[in-house]
Amino acid sequence: MVKCSFCDNLMSETDLNCPFCGTPHDPIKRGPSGVPRTISELKKFVDTTGISLARLHFHIDEDYRGSRAFGIYRDPKTGNFVVYKNKDTGERAIRYEGPDEAHAVYEIYQKLKERMTMYRNNPMNRHTDLYKDPKPDLLNMGSTKTGIIIVVIVTVFIILLYMLSYSIGYIPNSGGGGSSTRYESSYDNDSDYSYSDWGSDSDYDDWSSDW
């Protein structure tokens, strides 16, 4: 038996992939430490696992400025590697900033492993797929151009749907005498679509802390 290099669970050394997290047994050479040492290696490693970085709020090789996020990137001005956490308020806490890429990658790699385990152990996430990106949270996207466009499209669609329903008599005239048929939308009870996917991990991670 050997330990998986990502989730640390025991597996057979003949397994091609870890039965717990799906990580290939030894897909790439990552040096004697067994972990990625560069941002490029980290990105390749994540690709082999198929993990959804969006669901875990991770941004690799990206200076992401939104709230609730972990990330790593190289500052083009200083050449330093920066490992950060954006809190729920949008304030940024710097975990590491310096020239040591291997150290920076190790910091974010350990946090990635930690959050993967915490996500799996959270009963609120038992119906979600760690390997698929979450549906966008429209309630938290209103400040972005994409969010505004989506909200406008949805609003226009609802208005047109209401007008069409009214014109064919499914919605009663408030003045009386009209059809009394009640219009029921199939979207009202759409339990498969949740707006809370992005915030479902709030119970196990303190987004107000520095790390």
# chains A, B, ... in the order shown; residues from 1 in each chain; ligands from 1
>>> residues_around(residues="Ala102 of chain A", least_positions_apart="2", cutoff="7 Å", atoms="only C-alpha atoms", output="list in words")
Arg37, Thr38, Asp100, Ala104, Val105 and Tyr106 of chain A
>>> select_by_dssp(residues="segment 103-139 of chain A", states="helix (DSSP H, G or I)", output="PyMOL selection string")
chain A and resi 103-121+123-125+138-139
>>> write_last_selection(atoms="N, CA and C atoms", output="mmCIF file, in the first residue's frame")
data_model
loop_
_atom_site.group_PDB
_atom_site.id
_atom_site.type_symbol
_atom_site.label_atom_id
_atom_site.label_comp_id
_atom_site.auth_asym_id
_atom_site.auth_seq_id
_atom_site.Cartn_x
_atom_site.Cartn_y
_atom_site.Cartn_z
ATOM 1 N N HIS A 103 8.333 27.321 -2.576
ATOM 2 C CA HIS A 103 7.694 27.566 -1.285
ATOM 3 C C HIS A 103 6.272 28.095 -1.491
ATOM 4 N N ALA A 104 6.115 29.014 -2.442
ATOM 5 C CA ALA A 104 4.794 29.584 -2.705
ATOM 6 C C ALA A 104 3.826 28.504 -3.176
ATOM 7 N N VAL A 105 4.284 27.661 -4.093
ATOM 8 C CA VAL A 105 3.439 26.588 -4.615
ATOM 9 C C VAL A 105 3.079 25.603 -3.511
ATOM 10 N N TYR A 106 4.036 25.307 -2.642
ATOM 11 C CA TYR A 106 3.763 24.378 -1.544
ATOM 12 C C TYR A 106 2.679 24.925 -0.620
ATOM 13 N N GLU A 107 2.697 26.220 -0.354
ATOM 14 C CA GLU A 107 1.692 26.829 0.524
ATOM 15 C C GLU A 107 0.289 26.654 -0.058
ATOM 16 N N ILE A 108 0.122 26.976 -1.332
ATOM 17 C CA ILE A 108 -1.202 26.899 -1.938
ATOM 18 C C ILE A 108 -1.612 25.440 -2.154
ATOM 19 N N TYR A 109 -0.637 24.571 -2.403
ATOM 20 C CA TYR A 109 -0.909 23.145 -2.589
ATOM 21 C C TYR A 109 -1.472 22.530 -1.317
ATOM 22 N N GLN A 110 -0.860 22.877 -0.179
ATOM 23 C CA GLN A 110 -1.352 22.362 1.099
ATOM 24 C C GLN A 110 -2.762 22.869 1.389
ATOM 25 N N LYS A 111 -3.026 24.122 1.055
ATOM 26 C CA LYS A 111 -4.363 24.673 1.286
ATOM 27 C C LYS A 111 -5.382 24.005 0.372
ATOM 28 N N LEU A 112 -4.978 23.700 -0.842
ATOM 29 C CA LEU A 112 -5.862 23.014 -1.772
ATOM 30 C C LEU A 112 -6.246 21.640 -1.242
ATOM 31 N N LYS A 113 -5.270 20.905 -0.727
ATOM 32 C CA LYS A 113 -5.552 19.588 -0.157
ATOM 33 C C LYS A 113 -6.494 19.706 1.041
ATOM 34 N N GLU A 114 -6.234 20.706 1.881
ATOM 35 C CA GLU A 114 -7.062 20.918 3.072
ATOM 36 C C GLU A 114 -8.511 21.206 2.700
ATOM 37 N N ARG A 115 -8.697 22.083 1.731
ATOM 38 C CA ARG A 115 -10.059 22.464 1.352
ATOM 39 C C ARG A 115 -10.788 21.345 0.614
ATOM 40 N N MET A 116 -10.054 20.547 -0.119
ATOM 41 C CA MET A 116 -10.665 19.409 -0.783
ATOM 42 C C MET A 116 -11.238 18.436 0.251
ATOM 43 N N THR A 117 -10.467 18.178 1.302
ATOM 44 C CA THR A 117 -10.927 17.276 2.364
ATOM 45 C C THR A 117 -12.112 17.875 3.111
ATOM 46 N N MET A 118 -12.043 19.156 3.436
ATOM 47 C CA MET A 118 -13.125 19.823 4.153
ATOM 48 C C MET A 118 -14.398 19.854 3.321
ATOM 49 N N TYR A 119 -14.251 20.062 2.025
ATOM 50 C CA TYR A 119 -15.420 20.093 1.146
ATOM 51 C C TYR A 119 -16.124 18.737 1.139
ATOM 52 N N ARG A 120 -15.336 17.690 1.041
ATOM 53 C CA ARG A 120 -15.909 16.338 1.001
ATOM 54 C C ARG A 120 -16.592 15.968 2.309
ATOM 55 N N ASN A 121 -16.042 16.441 3.425
ATOM 56 C CA ASN A 121 -16.577 16.089 4.742
ATOM 57 C C ASN A 121 -17.776 16.931 5.146
ATOM 58 N N PRO A 123 -21.426 17.835 5.077
ATOM 59 C CA PRO A 123 -22.664 17.183 4.623
ATOM 60 C C PRO A 123 -23.491 18.048 3.681
ATOM 61 N N MET A 124 -23.305 19.366 3.709
ATOM 62 C CA MET A 124 -24.048 20.253 2.820
ATOM 63 C C MET A 124 -23.668 20.036 1.360
ATOM 64 N N ASN A 125 -22.507 19.420 1.133
ATOM 65 C CA ASN A 125 -22.019 19.249 -0.230
ATOM 66 C C ASN A 125 -22.206 17.832 -0.764
ATOM 67 N N LEU A 138 -26.221 34.129 -9.283
ATOM 68 C CA LEU A 138 -26.662 35.389 -9.869
ATOM 69 C C LEU A 138 -26.781 36.485 -8.818
ATOM 70 N N LEU A 139 -27.036 36.095 -7.572
ATOM 71 C CA LEU A 139 -27.203 37.100 -6.530
ATOM 72 C C LEU A 139 -25.895 37.802 -6.210
#
>>> residues_around(residues="Arg65 of chain A", least_positions_apart="6", cutoff="10 Å", atoms="only C-alpha atoms", output="JSON, numbers by chain")
{"A": [71, 85, 86, 90, 91, 92]}
>>> atom_distance(atom1="atom CA of Gly79 of chain A", atom2="atom CA of Tyr64 of chain A")
17.2 Å
>>> closest_residue(among="A:Tyr131, A:Phe70, A:Val154, A:Leu56", to="Thr23 of chain A", atoms="only C-alpha atoms")
A:Tyr131
>>> closest_residue(among="A:Met1, A:Leu53, A:Leu160, A:Ile60", to="Leu130 of chain A", atoms="only C-alpha atoms")
A:Leu53
>>> residues_around(residues="Cys4 of chain A", least_positions_apart="4", cutoff="9 Å", atoms="only C-alpha atoms", output="NGL selection string")
:A and (8-11 or 17-18 or 20-21 or 23-25)
>>> closest_residue(among="A:Ser5, A:Ser40, A:Ser67, A:Ser52", to="Lys135 of chain A", atoms="only C-alpha atoms")
A:Ser52
>>> atom_distance(atom1="atom CA of Asn80 of chain A", atom2="atom CA of Glu62 of chain A")
13.4 Å
>>> decode(residues="segment 84-112 of chain A", atoms="N, CA and C atoms", output="mmCIF file, in the first residue's frame")
data_model
loop_
_atom_site.group_PDB
_atom_site.id
_atom_site.type_symbol
_atom_site.label_atom_id
_atom_site.label_comp_id
_atom_site.auth_asym_id
_atom_site.auth_seq_id
_atom_site.Cartn_x
_atom_site.Cartn_y
_atom_site.Cartn_z
ATOM 1 N N TYR A 84 -2.215 34.304 -1.837
ATOM 2 C CA TYR A 84 -3.153 35.201 -1.170
ATOM 3 C C TYR A 84 -4.474 34.531 -0.827
ATOM 4 N N LYS A 85 -5.193 35.204 0.041
ATOM 5 C CA LYS A 85 -6.581 34.848 0.346
ATOM 6 C C LYS A 85 -7.400 36.132 0.347
ATOM 7 N N ASN A 86 -8.468 36.149 -0.440
ATOM 8 C CA ASN A 86 -9.399 37.270 -0.422
ATOM 9 C C ASN A 86 -10.540 36.934 0.531
ATOM 10 N N LYS A 87 -10.743 37.764 1.525
ATOM 11 C CA LYS A 87 -11.764 37.506 2.531
ATOM 12 C C LYS A 87 -13.151 37.816 2.000
ATOM 13 N N ASP A 88 -14.162 37.553 2.824
ATOM 14 C CA ASP A 88 -15.537 37.799 2.395
ATOM 15 C C ASP A 88 -15.816 39.282 2.204
ATOM 16 N N THR A 89 -15.013 40.138 2.816
ATOM 17 C CA THR A 89 -15.181 41.583 2.659
ATOM 18 C C THR A 89 -14.460 42.109 1.420
ATOM 19 N N GLY A 90 -13.669 41.252 0.785
ATOM 20 C CA GLY A 90 -12.861 41.674 -0.351
ATOM 21 C C GLY A 90 -11.446 42.052 0.036
ATOM 22 N N GLU A 91 -11.191 42.164 1.357
ATOM 23 C CA GLU A 91 -9.839 42.470 1.835
ATOM 24 C C GLU A 91 -8.904 41.302 1.523
ATOM 25 N N ARG A 92 -7.683 41.621 1.145
ATOM 26 C CA ARG A 92 -6.718 40.590 0.789
ATOM 27 C C ARG A 92 -5.703 40.366 1.895
ATOM 28 N N ALA A 93 -5.477 39.093 2.212
ATOM 29 C CA ALA A 93 -4.428 38.701 3.151
ATOM 30 C C ALA A 93 -3.347 37.968 2.367
ATOM 31 N N ILE A 94 -2.099 38.400 2.521
ATOM 32 C CA ILE A 94 -0.977 37.781 1.803
ATOM 33 C C ILE A 94 -0.370 36.686 2.673
ATOM 34 N N ARG A 95 -0.398 35.471 2.171
ATOM 35 C CA ARG A 95 0.200 34.343 2.881
ATOM 36 C C ARG A 95 1.717 34.302 2.661
ATOM 37 N N TYR A 96 2.118 34.549 1.414
ATOM 38 C CA TYR A 96 3.550 34.576 1.089
ATOM 39 C C TYR A 96 3.769 35.488 -0.107
ATOM 40 N N GLU A 97 4.861 36.229 -0.072
ATOM 41 C CA GLU A 97 5.280 37.031 -1.216
ATOM 42 C C GLU A 97 6.795 37.055 -1.245
ATOM 43 N N GLY A 98 7.375 36.479 -2.271
ATOM 44 C CA GLY A 98 8.826 36.420 -2.355
ATOM 45 C C GLY A 98 9.278 35.692 -3.603
ATOM 46 N N PRO A 99 10.572 35.474 -3.740
ATOM 47 C CA PRO A 99 11.140 34.898 -4.964
ATOM 48 C C PRO A 99 11.115 33.370 -5.021
ATOM 49 N N ASP A 100 10.764 32.710 -3.898
ATOM 50 C CA ASP A 100 10.827 31.246 -3.817
ATOM 51 C C ASP A 100 9.543 30.633 -4.378
ATOM 52 N N GLU A 101 9.573 30.226 -5.626
ATOM 53 C CA GLU A 101 8.378 29.663 -6.267
ATOM 54 C C GLU A 101 7.968 28.342 -5.621
ATOM 55 N N ALA A 102 8.931 27.497 -5.305
ATOM 56 C CA ALA A 102 8.615 26.197 -4.711
ATOM 57 C C ALA A 102 7.894 26.367 -3.379
ATOM 58 N N HIS A 103 8.333 27.321 -2.576
ATOM 59 C CA HIS A 103 7.694 27.566 -1.285
ATOM 60 C C HIS A 103 6.272 28.095 -1.491
ATOM 61 N N ALA A 104 6.115 29.014 -2.442
ATOM 62 C CA ALA A 104 4.794 29.584 -2.705
ATOM 63 C C ALA A 104 3.826 28.504 -3.176
ATOM 64 N N VAL A 105 4.284 27.661 -4.093
ATOM 65 C CA VAL A 105 3.439 26.588 -4.615
ATOM 66 C C VAL A 105 3.079 25.603 -3.511
ATOM 67 N N TYR A 106 4.036 25.307 -2.642
ATOM 68 C CA TYR A 106 3.763 24.378 -1.544
ATOM 69 C C TYR A 106 2.679 24.925 -0.620
ATOM 70 N N GLU A 107 2.697 26.220 -0.354
ATOM 71 C CA GLU A 107 1.692 26.829 0.524
ATOM 72 C C GLU A 107 0.289 26.654 -0.058
ATOM 73 N N ILE A 108 0.122 26.976 -1.332
ATOM 74 C CA ILE A 108 -1.202 26.899 -1.938
ATOM 75 C C ILE A 108 -1.612 25.440 -2.154
ATOM 76 N N TYR A 109 -0.637 24.571 -2.403
ATOM 77 C CA TYR A 109 -0.909 23.145 -2.589
ATOM 78 C C TYR A 109 -1.472 22.530 -1.317
ATOM 79 N N GLN A 110 -0.860 22.877 -0.179
ATOM 80 C CA GLN A 110 -1.352 22.362 1.099
ATOM 81 C C GLN A 110 -2.762 22.869 1.389
ATOM 82 N N LYS A 111 -3.026 24.122 1.055
ATOM 83 C CA LYS A 111 -4.363 24.673 1.286
ATOM 84 C C LYS A 111 -5.382 24.005 0.372
ATOM 85 N N LEU A 112 -4.978 23.700 -0.842
ATOM 86 C CA LEU A 112 -5.862 23.014 -1.772
ATOM 87 C C LEU A 112 -6.246 21.640 -1.242
#
